[in-house]
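The next block is query25.cif, given as mmCIF, C-alpha atoms and all ligand atoms.
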data_data
loop_
_atom_site.label_atom_id
_atom_site.label_comp_id
_atom_site.auth_asym_id
_atom_site.auth_seq_id
_atom_site.Cartn_x
_atom_site.Cartn_y
_atom_site.Cartn_z
CA MET K 7 -152.55 69.22 -83.38
CA THR K 8 -148.89 68.72 -84.13
CA GLY K 9 -148.47 65.21 -82.79
CA LYS K 10 -145.16 63.66 -83.79
CA GLU K 11 -146.78 61.31 -86.28
CA ASN K 12 -147.92 64.28 -88.32
CA ILE K 13 -144.71 66.15 -88.91
CA VAL K 14 -144.14 66.75 -92.59
CA LEU K 15 -140.81 67.71 -94.12
CA THR K 16 -139.74 68.17 -97.65
CA GLY K 17 -137.19 70.11 -99.62
CA ASP K 18 -135.78 71.21 -102.92
CA ARG K 19 -132.21 71.43 -104.09
CA PRO K 20 -131.55 75.02 -105.13
CA THR K 21 -129.92 74.38 -108.49
CA GLY K 22 -132.31 76.36 -110.67
CA ARG K 23 -135.89 77.43 -111.00
CA LEU K 24 -138.62 74.88 -110.40
CA HIS K 25 -140.58 73.42 -113.28
CA LEU K 26 -143.82 71.62 -114.01
CA GLY K 27 -142.22 68.30 -113.06
CA HIS K 28 -141.73 69.65 -109.54
CA TYR K 29 -145.26 70.99 -109.56
CA VAL K 30 -147.00 67.69 -110.27
CA GLY K 31 -144.34 65.59 -108.53
CA SER K 32 -144.33 67.39 -105.22
CA ILE K 33 -145.61 70.96 -104.94
CA GLN K 34 -149.30 70.10 -105.48
CA ASN K 35 -149.00 67.46 -102.82
CA ARG K 36 -147.29 69.85 -100.41
CA LEU K 37 -150.00 72.45 -100.76
CA LYS K 38 -152.63 69.90 -99.85
CA LEU K 39 -150.66 68.80 -96.80
CA GLN K 40 -150.06 72.38 -95.75
CA GLU K 41 -153.81 72.87 -95.51
CA GLU K 42 -154.26 69.71 -93.46
CA GLY K 43 -152.74 71.38 -90.44
CA SER K 44 -149.73 69.17 -89.78
CA ALA K 45 -146.46 70.72 -88.66
CA PHE K 46 -144.81 71.41 -91.96
CA PHE K 47 -141.13 72.06 -92.59
CA TYR K 48 -139.93 73.09 -96.00
CA MET K 49 -136.20 73.09 -96.51
CA ILE K 50 -134.06 74.66 -99.19
CA ALA K 51 -131.36 72.01 -99.43
CA ASP K 52 -128.35 74.15 -100.30
CA VAL K 53 -125.89 71.76 -98.65
CA GLN K 54 -127.25 68.96 -100.79
CA ALA K 55 -127.13 71.16 -103.88
CA LEU K 56 -123.45 71.77 -103.23
CA THR K 57 -122.69 68.03 -103.25
CA ASP K 58 -122.66 68.16 -107.03
CA ASN K 59 -122.24 71.90 -107.46
CA ALA K 60 -119.24 72.60 -105.27
CA HIS K 61 -117.68 74.61 -108.07
CA ASN K 62 -120.78 76.62 -108.70
CA PRO K 63 -121.56 78.55 -105.51
CA GLU K 64 -123.14 81.45 -107.43
CA LYS K 65 -125.72 79.18 -108.96
CA VAL K 66 -126.69 77.68 -105.63
CA ARG K 67 -126.80 81.07 -103.95
CA ALA K 68 -129.03 82.58 -106.64
CA SER K 69 -131.27 79.52 -106.75
CA VAL K 70 -132.11 79.75 -103.05
CA LEU K 71 -134.15 82.84 -103.80
CA GLU K 72 -135.59 81.41 -107.03
CA VAL K 73 -136.78 78.25 -105.34
CA ALA K 74 -138.26 80.19 -102.43
CA LEU K 75 -140.08 82.43 -104.91
CA ASP K 76 -141.40 79.43 -106.84
CA ASN K 77 -142.79 77.85 -103.70
CA LEU K 78 -144.32 81.03 -102.35
CA ALA K 79 -145.83 81.79 -105.74
CA CYS K 80 -147.43 78.34 -105.82
CA GLY K 81 -149.04 78.91 -102.46
CA THR K 82 -146.62 77.89 -99.75
CA ASP K 83 -147.75 79.95 -96.79
CA PRO K 84 -144.97 80.89 -94.36
CA THR K 85 -147.48 81.25 -91.52
CA LYS K 86 -148.30 77.56 -91.94
CA THR K 87 -145.03 76.17 -93.25
CA THR K 88 -141.64 76.69 -91.66
CA MET K 89 -139.42 77.59 -94.59
CA PHE K 90 -135.71 77.34 -93.85
CA ILE K 91 -132.24 77.04 -95.34
CA GLN K 92 -130.39 73.80 -94.68
CA SER K 93 -126.87 75.19 -94.19
CA GLU K 94 -128.15 77.61 -91.54
CA VAL K 95 -129.16 74.69 -89.35
CA PRO K 96 -125.74 73.20 -88.52
CA GLU K 97 -127.35 70.57 -86.28
CA ILE K 98 -128.30 68.75 -89.49
CA ALA K 99 -124.63 68.48 -90.45
CA GLU K 100 -123.82 67.25 -86.96
CA LEU K 101 -126.45 64.54 -87.14
CA THR K 102 -125.18 63.56 -90.59
CA ILE K 103 -121.76 62.85 -89.11
CA PHE K 104 -123.25 60.54 -86.50
CA PHE K 105 -125.41 58.76 -89.06
CA LEU K 106 -122.46 58.17 -91.39
CA ASN K 107 -121.21 55.54 -88.95
CA LEU K 108 -124.39 53.54 -89.44
CA VAL K 109 -124.11 53.25 -93.21
CA THR K 110 -121.61 51.44 -95.43
CA VAL K 111 -120.02 52.83 -98.56
CA SER K 112 -121.14 49.77 -100.52
CA ARG K 113 -124.76 50.30 -99.47
CA LEU K 114 -124.57 53.91 -100.65
CA LYS K 115 -123.10 52.85 -103.97
CA GLN K 116 -125.97 50.43 -104.41
CA ASN K 117 -128.67 52.98 -103.65
CA PRO K 118 -130.62 53.04 -106.93
CA THR K 119 -131.19 56.81 -106.82
CA VAL K 120 -127.53 57.55 -106.19
CA LYS K 121 -126.45 54.95 -108.72
CA THR K 122 -128.60 56.46 -111.46
CA GLU K 123 -127.50 59.99 -110.64
CA ILE K 124 -123.81 59.04 -110.62
CA LYS K 125 -124.31 57.59 -114.08
CA GLN K 126 -126.32 60.57 -115.34
CA LYS K 127 -123.71 63.02 -114.09
CA GLY K 128 -120.87 60.88 -115.44
CA PHE K 129 -119.02 60.82 -112.10
CA GLY K 130 -117.83 57.20 -112.25
CA GLU K 131 -115.25 56.53 -109.55
CA SER K 132 -114.65 60.27 -109.18
CA VAL K 133 -117.94 60.81 -107.40
CA PRO K 134 -117.55 63.43 -104.67
CA ALA K 135 -117.77 61.76 -101.25
CA GLY K 136 -120.39 64.30 -100.25
CA PHE K 137 -122.56 63.37 -103.18
CA LEU K 138 -122.27 59.66 -102.51
CA MET K 139 -123.46 60.15 -98.98
CA TYR K 140 -126.26 62.62 -99.63
CA PRO K 141 -128.91 60.05 -98.65
CA VAL K 142 -127.36 60.08 -95.17
CA SER K 143 -127.52 63.84 -95.05
CA GLN K 144 -131.11 63.64 -96.25
CA ALA K 145 -131.92 61.24 -93.42
CA ALA K 146 -130.53 63.86 -91.08
CA ASP K 147 -132.65 66.58 -92.75
CA ILE K 148 -135.72 64.57 -91.95
CA LEU K 149 -134.88 63.12 -88.55
CA THR K 150 -133.57 66.38 -87.10
CA PHE K 151 -137.24 67.41 -87.16
CA HIS K 152 -138.71 64.02 -86.24
CA ALA K 153 -140.61 64.26 -89.50
CA THR K 154 -142.37 61.11 -90.68
CA GLN K 155 -144.43 62.24 -93.67
CA ILE K 156 -142.20 63.04 -96.59
CA PRO K 157 -143.68 64.35 -99.84
CA VAL K 158 -141.20 63.42 -102.55
CA GLY K 159 -141.00 62.42 -106.17
CA GLU K 160 -140.85 58.75 -107.04
CA ASP K 161 -137.11 58.91 -107.71
CA GLN K 162 -136.51 59.60 -104.02
CA LEU K 163 -138.03 56.37 -102.71
CA PRO K 164 -134.69 54.55 -102.33
CA VAL K 165 -133.36 57.54 -100.40
CA LEU K 166 -136.21 57.27 -97.92
CA GLU K 167 -135.64 53.54 -97.66
CA GLN K 168 -132.14 54.32 -96.58
CA THR K 169 -133.50 56.79 -94.02
CA ASN K 170 -135.53 53.96 -92.53
CA GLU K 171 -132.47 51.73 -92.32
CA ILE K 172 -130.75 54.51 -90.39
CA VAL K 173 -133.78 54.86 -88.11
CA ASP K 174 -133.66 51.14 -87.36
CA SER K 175 -129.90 51.06 -86.72
CA PHE K 176 -129.94 54.14 -84.55
CA ASN K 177 -132.86 52.89 -82.46
CA ARG K 178 -131.29 49.44 -82.06
CA ILE K 179 -127.93 50.76 -80.93
CA TYR K 180 -128.84 53.84 -78.90
CA GLY K 181 -132.43 53.17 -77.89
CA LYS K 182 -135.71 54.17 -79.46
CA THR K 183 -135.36 57.73 -80.72
CA PHE K 184 -136.76 58.06 -84.24
CA GLU K 185 -139.88 56.92 -86.05
CA ARG K 186 -139.78 55.34 -89.48
CA VAL K 187 -140.69 57.69 -92.30
CA LYS K 188 -143.34 57.43 -94.97
CA PRO K 189 -143.05 58.80 -98.50
CA LEU K 190 -146.08 60.69 -99.75
CA LEU K 191 -146.27 60.45 -103.51
CA SER K 192 -148.42 62.65 -105.70
CA ALA K 193 -150.98 61.14 -108.02
CA HIS K 194 -148.67 61.99 -110.89
CA THR K 195 -145.19 61.43 -109.67
CA ARG K 196 -143.24 61.70 -112.86
CA LEU K 197 -143.61 64.09 -115.71
CA ILE K 198 -141.72 63.25 -118.88
CA GLY K 199 -139.66 65.98 -120.46
CA THR K 200 -140.90 68.04 -123.37
CA ASP K 201 -138.62 65.87 -125.53
CA GLY K 202 -140.52 62.79 -124.37
CA LYS K 203 -137.29 61.02 -123.64
CA ALA K 204 -136.65 61.25 -119.94
CA LYS K 205 -138.11 62.88 -116.92
CA MET K 206 -138.34 66.63 -116.88
CA SER K 207 -134.94 67.80 -115.79
CA LYS K 208 -133.22 71.13 -115.96
CA SER K 209 -129.90 69.46 -116.75
CA ILE K 210 -131.40 68.01 -119.94
CA GLY K 211 -133.18 71.24 -120.87
CA ASN K 212 -136.56 69.63 -121.52
CA THR K 213 -138.46 71.64 -118.95
CA ILE K 214 -141.32 74.09 -118.67
CA TYR K 215 -140.62 76.44 -115.79
CA LEU K 216 -143.21 77.77 -113.39
CA ALA K 217 -141.97 81.22 -114.34
CA ASP K 218 -142.16 80.68 -118.10
CA THR K 219 -144.02 83.27 -120.18
CA GLN K 220 -146.97 82.40 -122.36
CA LYS K 221 -144.71 82.62 -125.38
CA GLU K 222 -142.13 80.27 -123.90
CA ILE K 223 -144.84 77.78 -122.99
CA GLU K 224 -146.28 77.93 -126.51
CA GLN K 225 -142.88 77.47 -128.10
CA LYS K 226 -142.04 74.49 -125.92
CA VAL K 227 -145.39 72.82 -126.55
CA MET K 228 -145.10 73.39 -130.30
CA MET K 229 -141.72 71.62 -130.23
CA MET K 230 -143.13 68.54 -128.52
CA TYR K 231 -143.03 65.20 -130.29
CA THR K 232 -146.36 63.69 -131.19
CA ASP K 233 -146.50 60.66 -133.43
CA PRO K 234 -143.75 60.67 -136.09
CA ASN K 235 -146.06 58.74 -138.44
CA HIS K 236 -148.86 61.26 -138.11
CA ILE K 237 -147.82 63.24 -141.14
CA HIS K 238 -151.14 64.33 -142.63
CA VAL K 239 -154.05 65.47 -140.51
CA SER K 240 -156.10 62.68 -142.03
CA ASP K 241 -153.62 59.98 -140.93
CA PRO K 242 -154.56 57.90 -137.92
CA GLY K 243 -152.35 58.94 -134.99
CA GLU K 244 -150.82 57.16 -132.03
CA VAL K 245 -151.77 58.42 -128.57
CA LYS K 246 -149.40 56.16 -126.64
CA GLY K 247 -145.93 57.63 -126.37
CA ASN K 248 -147.28 60.91 -127.73
CA VAL K 249 -145.83 63.63 -125.53
CA VAL K 250 -148.73 66.02 -126.02
CA PHE K 251 -151.27 63.43 -124.91
CA SER K 252 -149.07 62.38 -121.99
CA TYR K 253 -149.23 65.97 -120.79
CA LEU K 254 -152.94 66.26 -121.44
CA ASP K 255 -153.42 63.12 -119.33
CA VAL K 256 -151.81 64.96 -116.44
CA PHE K 257 -153.15 68.48 -116.89
CA ASP K 258 -156.40 68.41 -118.84
CA PRO K 259 -159.24 68.82 -116.34
CA ASN K 260 -161.85 67.76 -118.90
CA HIS K 261 -161.47 63.99 -119.05
CA GLU K 262 -164.46 63.43 -121.30
CA GLU K 263 -163.32 65.84 -123.95
CA LEU K 264 -159.84 64.40 -123.76
CA ALA K 265 -161.19 60.89 -124.31
CA GLU K 266 -163.06 62.16 -127.38
CA LEU K 267 -159.95 63.88 -128.72
CA LYS K 268 -157.94 60.70 -128.33
CA LYS K 269 -160.54 58.73 -130.23
CA HIS K 270 -160.56 61.32 -132.98
CA TYR K 271 -156.76 61.42 -133.16
CA LYS K 272 -156.50 57.63 -133.41
CA LYS K 273 -159.09 57.55 -136.14
CA GLY K 274 -157.41 60.32 -138.11
CA GLY K 275 -158.54 63.81 -138.96
CA LEU K 276 -157.26 65.63 -135.88
CA GLY K 277 -154.18 67.76 -136.40
CA ASP K 278 -151.25 68.11 -134.01
CA VAL K 279 -151.62 71.87 -133.88
CA ILE K 280 -155.09 71.61 -132.36
CA ILE K 281 -153.98 69.38 -129.50
CA LYS K 282 -150.86 71.45 -129.00
CA LYS K 283 -152.88 74.65 -128.77
CA ARG K 284 -155.17 73.01 -126.26
CA LEU K 285 -152.21 71.92 -124.13
CA ALA K 286 -150.47 75.30 -124.32
CA LYS K 287 -153.67 77.00 -123.18
CA ILE K 288 -154.16 74.62 -120.25
CA LEU K 289 -150.55 74.99 -119.13
CA ASN K 290 -150.64 78.72 -119.46
CA GLU K 291 -153.83 78.95 -117.41
CA LEU K 292 -152.17 76.87 -114.71
CA ILE K 293 -149.04 78.99 -114.72
CA VAL K 294 -150.58 82.49 -115.07
CA PRO K 295 -151.48 82.97 -111.40
CA ILE K 296 -148.18 81.46 -110.28
CA ARG K 297 -146.22 83.68 -112.66
CA GLU K 298 -148.11 86.79 -111.60
CA ARG K 299 -147.66 86.16 -107.88
CA ARG K 300 -144.01 85.37 -108.52
CA GLU K 301 -143.44 88.67 -110.29
CA VAL K 302 -144.90 90.60 -107.38
CA LEU K 303 -142.88 88.67 -104.81
CA ALA K 304 -139.68 89.00 -106.82
CA ARG K 305 -139.82 92.78 -106.47
CA ASP K 306 -138.92 92.51 -102.81
CA PRO K 307 -136.16 89.91 -102.34
CA LYS K 308 -135.37 91.25 -98.87
CA LYS K 309 -138.84 90.23 -97.75
CA ILE K 310 -138.25 86.69 -99.03
CA MET K 311 -134.95 86.47 -97.18
CA ASP K 312 -136.68 87.73 -94.02
CA ILE K 313 -139.22 84.91 -94.33
CA LEU K 314 -136.39 82.39 -94.69
CA GLU K 315 -134.48 83.88 -91.78
CA ALA K 316 -137.48 83.73 -89.46
CA GLY K 317 -138.24 80.17 -90.56
CA THR K 318 -134.64 79.11 -90.08
CA LYS K 319 -134.59 80.52 -86.56
CA GLU K 320 -137.70 78.57 -85.75
CA ALA K 321 -136.35 75.37 -87.33
CA ARG K 322 -133.15 75.66 -85.37
CA LYS K 323 -134.98 75.54 -82.07
CA THR K 324 -136.38 72.13 -82.96
CA ALA K 325 -133.02 71.00 -84.30
CA GLN K 326 -131.19 71.93 -81.12
CA LYS K 327 -133.67 69.98 -79.04
CA THR K 328 -133.26 66.90 -81.21
CA LEU K 329 -129.48 67.07 -81.07
CA GLU K 330 -129.52 67.29 -77.28
CA GLU K 331 -131.67 64.20 -77.21
CA VAL K 332 -129.44 62.38 -79.71
CA LYS K 333 -126.25 63.22 -77.85
CA THR K 334 -127.75 62.00 -74.60
CA LYS K 335 -128.68 58.73 -76.26
CA MET K 336 -125.19 58.45 -77.75
CA LYS K 337 -123.57 59.23 -74.38
CA ILE K 338 -121.70 62.24 -75.69
CA ASN K 339 -123.54 64.84 -73.66
CA TYR K 340 -120.47 65.57 -71.53
CA PHE K 341 -121.31 68.92 -70.05
CA ALA K 342 -125.08 68.63 -69.82
CA GLN K 343 -126.48 69.88 -66.52
N1 LIG Q 401 -133.28 65.15 -102.61
C1 LIG Q 401 -134.51 65.89 -102.71
C2 LIG Q 401 -134.76 66.13 -104.20
O1 LIG Q 401 -133.81 66.18 -104.96
C3 LIG Q 401 -134.48 67.20 -101.97
C4 LIG Q 401 -134.40 67.01 -100.50
C5 LIG Q 401 -133.34 67.30 -99.70
C6 LIG Q 401 -135.40 66.45 -99.67
N2 LIG Q 401 -133.61 66.96 -98.40
C7 LIG Q 401 -134.87 66.46 -98.35
C8 LIG Q 401 -136.67 65.94 -99.89
C9 LIG Q 401 -135.60 65.94 -97.27
C10 LIG Q 401 -137.39 65.43 -98.82
C11 LIG Q 401 -136.86 65.44 -97.52
O2 LIG Q 401 -135.88 66.28 -104.57
#
When written as structure tokens, how does the structure in this file appear?
Amino acid sequence: MTGKENIVLTGDRPTGRLHLGHYVGSIQNRLKLQEEGSAFFYMIADVQALTDNAHNPEKVRASVLEVALDNLACGTDPTKTTMFIQSEVPEIAELTIFFLNLVTVSRLKQNPTVKTEIKQKGFGESVPAGFLMYPVSQAADILTFHATQIPVGEDQLPVLEQTNEIVDSFNRIYGKTFERVKPLLSAHTRLIGTDGKAKMSKSIGNTIYLADTQKEIEQKVMMMYTDPNHIHVSDPGEVKGNVVFSYLDVFDPNHEELAELKKHYKKGGLGDVIIKKRLAKILNELIVPIRERREVLARDPKKIMDILEAGTKEARKTAQKTLEEVKTKMKINYFAQ
């Protein structure tokens, strides 16, 4: 059942709790794949998190548990998915070092994902070397497990492209070893922030967390921009660019009613509060079971760490096998029997 072509791997950077953007961008997709019976690796990418949080080890450390809780609360099942911590699989770091020789600095600087992030984080020329090369480390995350199906958000596509370039170079130089990888995008890959300005991102503070309370959800929805020209209920309103409707497009299960509401809003006579209340209710209903499961799980952090430890042990077995194979191909298996 776990033929090589079916191995799925994905991960999160532990830099904070997960939010609705993660949910529609990747978690939903993961849960579907988990049920399809492929070998599934889920990695908490603490090494990657440290590439731009080197000075914040406490945050990364605390977020490992938060992110594990978020995933488990959403339905990640450790009997079906191997959940592990990146830094505890040193073979990934080893493979990263070998891959670094197959990639140029200029190519990394031109990677659109990295380029955008360097700009967003204001690194300029002072970008940490580890951050610049995280796509190489991510290629190693994936290829250490011979994974080929990679559920990611849209922003990660250039990173996976770079993985495929590494696959091609490695195979050409050392002989066929790795398969090319395929991104698996969710139906909704990008959720705008509650401010409507950018994607949902914890660094901007425009997020709704999977652990948010009903009150927090309501407050955040009430703050959302609608149409600045929709001043009186009777005014005709704009649906396009209206944050509340953008969210309803993603989360409202009743498409017919939503279409009617849009018509009504455009015509005039439908107040912002009504659509906001509708959205807050839908989001809360989505989050309630996640929040409740999360609260229960959070009472026993030791149990969560045990799950991660067992998963990491399991992941390491695969990683060691891959590294043996890689070193043989690279002719650096000096003491092999
Ligand atoms: N860079 C990914 C993100 O920010 C997280 C990640 C790390 C990842 N390693 C991975 C995703 C390997 C897929 C596969 O979302």
Residues up to 7 Å from ligand LIG 401 (chain Q), counting only C-alpha atoms and all ligand atoms: could you list those as a ChimeraX atom specification? /K:15-19,49,51,54,144,147-148,156-159,162
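Note that CA of Glu266 in chain K and CA of Val250 in chain K are 14.9 Å apart.
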Nearest residue to Ala316 in chain K from the set K:Ile91, K:Val133, K:Ala60, K:Ile103 (distances using all atoms listed in the file):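 Going through K:Ile91, K:Val133, K:Ala60, K:Ile103 one by one, the smallest distance to Ala316 in chain K is for K:Ile91.
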Between K:His238, K:Lys182, K:Lys272, K:His194, which has the minimum distance to Gly31 in chain K (counting only C-alpha atoms)?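 Under the stated criterion, the closest residue is K:His194.
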Got a sec: who's within 8 Å of range 283-293 of chain K, counting all atoms listed in the file, leaving out chain neighbours fewer than 5 positions off, as a list in words?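 Contacts, in chain order: Leu216, Ala217, Asp218, Gln220, Ile223, Glu224, Val227, Val250, Tyr253, Leu254, Phe257 and Asp258 of chain K.
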Could you name the residues that touch Ser112 in chain K at 12 Å or less, counting all atoms listed in the file, but leaving out those on the same chain fewer than 5 positions away, as number ranges by chain? K: 117-118, 120-121, 138-139
